[in-house]
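Asker: Before we start, here is the structure in question, set down as structure tokens.
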Amino acid sequence: MRRRVVITGIGSITPLGHSPEATFEAALRGECGVDYTTRFDARAFPTQISAEVKGFRLDDWLPNAAEYVKAGENTKFALVAAQQALRDAGLLQTAGVDRTRFGVYLGSGEGAEDFYSLIDSIGRAADANGFRADAGQFCRAAKDLFDPRREAEFEMHTTAGHLAEEFELLGPNFTCLTACAASAQAIGEATEFIRHDDADLILAGGAHSMIHPLGVTGFNRLTALSTRNAEPKRASRPFDLDRDGFVLGEGAGMVILEELEHAKKRGARIYAELTGYGTTGDAYRMTDPHPEGRGAVKAMRDALKDARLAPDDIGYINAHGTSTAANDECETAAIKGAFGEKAYKIPVSSSKSMLGHLIAAGGAVELILSIQAMLRGVLPPTINYETPDPKCDLDYVPNVAREKAGIRNVLSNSFGFGGQNITLIASRF
Amino acid sequence: MSAPHRRAVFTSLGAITPIGDGPAFRDNLRAGTVGIRTIQAFDASALPCRIAGEFPQPFDAKKYIPASNKDGRKSLKNMAKTVQMGLCAAQLAMDAGGPKPGSMDPFRFGIEIGCVMVASELDDLAGAAKHTITETSRVIDMAKWGHEGLEKITPLWMLKYLPNMPACHVSIFFDAQGPNNTITGGDVASTLALGEAFRLLQRDAADYFLVGGTDSKINPLSFTRNNLFVPFTRNNAAPATAVRPFDRDRDGVAAGEAAVIFGLEELSHATKRGATILAELAGFASGFDRGKRGPVLAGVIRNALKDAGIGPADVDHVNANAGGSIALDAFEARAIHEVFGKSVPVFALKGQTGNAGAASGALELAATVLSLHHGELPGTQNCTDVGTECPVTVHVGAPRPVAKPYAVKINYTDMGQCAVAVVKRWQD
């Protein structure tokens, strides 16, 4: 019999709150975390709004916060979400648990891009027309402008490394980045590592912030972001006919994955069991999801099979639901492809209507919300759902939270730019 | 640990490296050719370290992608060099013995690639930057950036550089619809990717993987950034002998570039289609050595041996991560010594190639896979006198015959993430 994996701790820092509880309560109230961007001067950008984490200071949480002044926002969010999850699981104290059997698996992004030094260095090296930049001149300028410590923190393995250092987690230490699917994929693969006996415990989840000038520039050039600048709170509107793109969010979500017997032996509180994981690639296009959601259908079916569940057993779906024209239509088609007629009977909502899109961190934060919904018997809504789109005809839990008792299993989807499709299923234990 | 019923074998290799690609790679490996030189790709003269492992000829993706693949060739323009490199190494691996197009269930064909943040080409941002900085005060004018600068950046700019794009394009090229992950774990990324693919094959989530890594630090932005925080060698005057793994006189590492992709396949799937088997992937383990002291890495090596069901006495050689770092070579040597004493020959490739970052694990593993397949291990370059703080026996000089069936590959990062793969010589 395979080893079973349960969730024994949760933590999050999101645009809706500084803990899983605060985030969930705000989501049930239908609050929206989107507002005008303050992290940098975005007033001239096509998109001037984002869902920032508000009022967050690392030194409110960590006594040694000063060590991380040069770290990116992603690492700061990760440290606190991890601390919460570890404390929640009773694992902050290192005694009694073999730390070499305790790993980290993050779906996590880059650190703080030093936009100003980078653009200054390139600008100095650029020719009169701005067609080319001279490499020699660039190197000469950049080596003095860049801050060495900040550049070191830009590397993607540093976040998971800091968590391992800070909390003495000496087991497998992985970081993946499959765009918007990353932290869900991290949780799925971490679950498999525990099942395979590579570890007993893994701190898994994600952290990301792309609310920086180059992040917004990149997504604006792709025309992926909402430009509903006049109405920030109404900008993220998954499945609504008038959706015009996603809203960037930021934050971190972490869960403690633990082998069942290990959790029982130490009397840990069990939130849920991670029963199903499906992972596929679209192999279709760089930017667009497959129109029928070919890979997404397979990911959902594989997750059901992995969990040994039938479509009827799923009580709630937390959609990827980005609020882009393509995603929401294709995801709707994919849910119908995987669930058939039953799709119409399962409530589906997108937390991104309130949280914005946390990119690599999205999947973890949304899985936590799904588990909270199952345990509390209340489903977070899809807010800003005003005009139905004929191509999106499922029950999206429009605008107000809904009570639903007796949910046994919840399913959460995460799909990445580049075609990665991840489905996770959590079950009541 | 329960014995895995499904076994994984290497059935092809695609390598683009500072010591050549295709068959030239093996010849130069054996000959001890060094691919580290003064950087030719751009003017790095302003930087403290100006040498690196660099491709012998400027990289040209069209060399690898057949002209008949018109859409594929067209798509190259939306890829940064690092992304193209990964794709081209995958093409080489497929050409060298991958499954025939259409012969596989696409959902059983997975991709696992180690990659990290890919640096923007300067020219892509030159127009925007030029129009944004104020010549006199050097202030970045965000209004100008938003109104005028942004428009000067190519619409698909971001997608040229995302680390999961090699895996994305490889999946599109070869219709691989199975599990698709990109491990961004720094210098250990491709070894972690290999380990994850191994577990996916063992658990029956796929039958075939293209797995490996792609990375290049040989561009102005990456190389400048790395010069600020990586302990690079200062031996700019003698690139061919600058990187000295485990040597008493080592003074730092060199950057590098490479893309190395393996076909990794479930054994019965490989034999059924008559694939040539190069070696077996027999064991894997990973961990985090806080403070880079040695005991955790030693434990990871032991776990990998255990995963393979063997002991230290079964090991022909250890293929080390050592890249000439004063601190890290000693750390690794202590860990190797803790498990093997000084009884097992240790080989290190970085003296020839530099550190290919996210591709380094796959690149160095290729040396071991080829060694086991051809029955001889090349000598480590530039290790003249082993430092006393490195208690290991380094294999130098002429190639030695492979005497035992297993080899151990070690990788780690500057922070302490480590991974170990155990590879077995293939015998029917």
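Simple scheme: letters A, B, ... for chains in structure tokens order, numbers from 1 for residues in each chain, numbers from 1 for ligands in the order shown.
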Using only C-alpha atoms, find which residues of chain B lie within 7 Å of chain A and jot them down as a count of residues only.
Answerer: 55
Asker: Nearest residue to Asp288 (chain A) out of A:Leu79, A:Ala426, A:Ala224, A:Ala343, using only C-alpha atoms?
Answerer: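 Looking only at the distances to Asp288 (chain A), the closest residue turns out to be A:Ala224.
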Asker: Identify, with DSSP run on backbone atoms, the residues in region 82-331 of chain B assigned to alpha helix (DSSP H), and express the list as a PyMOL selection string.
Answerer: chain B and resi 82-95+122-130+142-144+157-161+165-174+189-202+220-229+267-272+295-308+326-331
Asker: When you draw a straight line from CA of Met79 (chain B) to CA of Lys152 (chain B), how long is it in Å?
Answerer: 17.9 Å
Asker: If DSSP is run on the backbone, what residues of region 81-306 of chain A are strand (DSSP E)? A reply as a ChimeraX atom specification would be ideal.
Answerer: /A:102-108,173-176,201-209,250-259,272-281
Asker: Only C-alpha atoms, please: the residues just picked out, written as a compact mmCIF listing (two decimals), in the first residue's frame.
Answerer:
# COMPACT_ATOMS: atom_id res chain seq x y z
CA PHE A 102 12.06 17.22 6.11
CA GLY A 103 12.35 18.88 2.69
CA VAL A 104 11.28 22.01 0.84
CA TYR A 105 9.62 22.16 -2.57
CA LEU A 106 8.70 25.60 -3.89
CA GLY A 107 7.14 26.86 -7.05
CA SER A 108 8.81 30.18 -6.85
CA ASN A 173 15.23 21.00 -1.61
CA PHE A 174 13.55 21.72 -4.94
CA THR A 175 12.43 24.84 -6.78
CA CYS A 176 10.38 24.70 -9.94
CA LEU A 201 7.73 15.96 5.68
CA ILE A 202 7.92 18.62 2.99
CA LEU A 203 7.24 22.33 3.31
CA ALA A 204 5.64 22.90 -0.08
CA GLY A 205 4.10 25.87 -1.80
CA GLY A 206 5.15 28.99 -3.57
CA ALA A 207 6.08 32.63 -3.40
CA HIS A 208 6.18 35.24 -6.11
CA SER A 209 5.96 38.91 -6.88
CA GLU A 250 1.76 38.67 -5.15
CA GLY A 251 2.28 36.65 -2.03
CA ALA A 252 3.07 33.22 -0.72
CA GLY A 253 1.25 30.08 0.29
CA MET A 254 2.77 27.13 2.14
CA VAL A 255 1.51 23.78 3.35
CA ILE A 256 3.16 21.14 5.48
CA LEU A 257 2.85 17.81 3.70
CA GLU A 258 3.35 14.90 6.04
CA GLU A 259 3.28 11.15 5.79
CA ALA A 272 -6.94 17.17 4.83
CA GLU A 273 -5.36 14.41 2.80
CA LEU A 274 -3.67 15.20 -0.51
CA THR A 275 -5.24 12.41 -2.51
CA GLY A 276 -4.98 13.38 -6.15
CA TYR A 277 -2.39 14.88 -8.46
CA GLY A 278 -2.51 15.19 -12.23
CA THR A 279 0.22 16.71 -14.38
CA THR A 280 0.35 17.17 -18.16
CA GLY A 281 1.75 19.46 -20.85
Asker: Considering only C-alpha atoms, return as a PyMOL selection string whatever protein or nucleic-acid residues lie within 7 Å of Arg108 (chain B), sequence-local ones (same chain, fewer than 6 positions apart) excluded.
Answerer: chain B and resi 178+205-208
Asker: Based on the selection just made, write N, CA and C atoms of those residues as a compact mmCIF listing (two decimals), in the first residue's frame.
Answerer:
# COMPACT_ATOMS: atom_id res chain seq x y z
N GLY B 178 2.97 14.62 -21.69
CA GLY B 178 3.02 14.08 -20.32
C GLY B 178 3.50 15.13 -19.33
N ALA B 205 4.04 7.22 -14.27
CA ALA B 205 3.37 8.42 -14.78
C ALA B 205 3.81 8.74 -16.21
N ALA B 206 4.82 8.03 -16.70
CA ALA B 206 5.31 8.24 -18.07
C ALA B 206 6.20 7.05 -18.42
N ASP B 207 6.49 6.90 -19.72
CA ASP B 207 7.40 5.85 -20.17
C ASP B 207 8.72 6.42 -20.70
N TYR B 208 8.68 7.68 -21.12
CA TYR B 208 9.85 8.27 -21.75
C TYR B 208 9.98 9.72 -21.33
Asker: Ranking A:Phe24, A:Phe167, A:Phe339, A:Tyr36 by minimum distance to Gln84 (chain A) and counting only C-alpha atoms, which one comes first?
Answerer: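 With only C-alpha atoms as the atom set, the closest residue is A:Phe167.
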Asker: I'd like the interatomic distance between CA of Gly111 (chain A) and CA of Ala65 (chain A), to a tenth of an Å.
Answerer: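 Between CA of Gly111 (chain A) and CA of Ala65 (chain A) the gap works out to 16.3 Å.
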Asker: Looking at only C-alpha atoms, which of B:Lys404, B:Arg7, B:Lys292, B:Lys160 is the one that sits closest to Ala333 (chain B)?
Answerer: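 Closest to Ala333 (chain B), using only C-alpha atoms: B:Lys292.
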Asker: Excluding Val369 (chain B) and any residue of its chain fewer than 5 positions from it, enumerate the residues within 8 Å of it, using only C-alpha atoms, and give them as JSON, numbers by chain.
Answerer: {"B": [278, 279, 423, 425]}
Asker: With N, CA and C atoms retained, write the just-selected residues as a PDB file, in the first residue's frame.
Answerer:
ATOM      1  N   LEU B 278      22.439   3.069 -22.971  1.00  0.00           N
ATOM      2  CA  LEU B 278      23.770   3.589 -22.632  1.00  0.00           C
ATOM      3  C   LEU B 278      24.150   3.251 -21.192  1.00  0.00           C
ATOM      4  N   ALA B 279      23.186   3.333 -20.296  1.00  0.00           N
ATOM      5  CA  ALA B 279      23.435   3.073 -18.879  1.00  0.00           C
ATOM      6  C   ALA B 279      22.089   3.056 -18.166  1.00  0.00           C
ATOM      7  N   VAL B 423      24.540   5.777 -11.234  1.00  0.00           N
ATOM      8  CA  VAL B 423      24.356   5.259 -12.586  1.00  0.00           C
ATOM      9  C   VAL B 423      25.046   3.902 -12.682  1.00  0.00           C
ATOM     10  N   ARG B 425      26.509   0.748 -15.183  1.00  0.00           N
ATOM     11  CA  ARG B 425      26.910   0.287 -16.513  1.00  0.00           C
ATOM     12  C   ARG B 425      25.857  -0.687 -17.034  1.00  0.00           C
TER      13      ARG B 425
END
Asker: Would you kindly return, as an mmCIF file with C-alpha atoms, in the first residue's frame, each protein, DNA or RNA residue with an atom no farther than 9 Å from any atom of Glu331 (chain A), considering only C-alpha atoms and excluding same-chain residues fewer than 2 positions away?
Answerer:
data_model
loop_
_atom_site.group_PDB
_atom_site.id
_atom_site.type_symbol
_atom_site.label_atom_id
_atom_site.label_comp_id
_atom_site.auth_asym_id
_atom_site.auth_seq_id
_atom_site.Cartn_x
_atom_site.Cartn_y
_atom_site.Cartn_z
ATOM 1 C CA PRO A 289 -4.109 27.077 -23.904
ATOM 2 C CA PRO A 291 -8.893 25.211 -27.177
ATOM 3 C CA GLU A 292 -10.555 22.064 -25.824
ATOM 4 C CA GLY A 293 -8.232 21.974 -22.858
ATOM 5 C CA ALA A 296 -6.241 20.102 -18.671
ATOM 6 C CA VAL A 297 -8.911 17.417 -19.126
ATOM 7 C CA ALA A 319 -10.662 27.185 -10.917
ATOM 8 C CA HIS A 320 -7.470 28.577 -12.350
ATOM 9 C CA GLY A 321 -9.902 31.270 -13.591
ATOM 10 C CA ALA A 326 -8.785 32.324 -23.450
ATOM 11 C CA ASN A 327 -8.213 30.716 -20.065
ATOM 12 C CA ASP A 328 -11.717 30.990 -18.722
ATOM 13 C CA GLU A 329 -13.297 29.669 -21.897
ATOM 14 C CA ALA A 333 -14.526 23.454 -21.744
ATOM 15 C CA ALA A 334 -11.944 21.348 -19.937
ATOM 16 C CA ILE A 335 -14.039 20.968 -16.784
ATOM 17 C CA LYS A 336 -16.916 19.821 -18.978
ATOM 18 C CA CYS A 392 -18.720 29.981 -19.772
ATOM 19 C CA ASN A 413 -6.633 23.672 -11.106
#
Asker: Between CA of Leu305 (chain B) and CA of Ile336 (chain B), what is the distance, to one decimal in Å?
Answerer: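 Result for CA of Leu305 (chain B) versus CA of Ile336 (chain B): 12.5 Å, one decimal.
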Asker: Name all residues at most 6 Å from region 346-353 of chain B (count only C-alpha atoms; drop same-chain ones fewer than 4 positions away) and give them as a count of residues only.
Answerer: 16
Asker: Taking only C-alpha atoms into account, which of B:Gln202, B:Thr38, B:Thr241, B:Ser103 comes nearest Arg6 (chain B)?
Answerer: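 Counting only C-alpha atoms, the residue closest to Arg6 (chain B) is B:Gln202.
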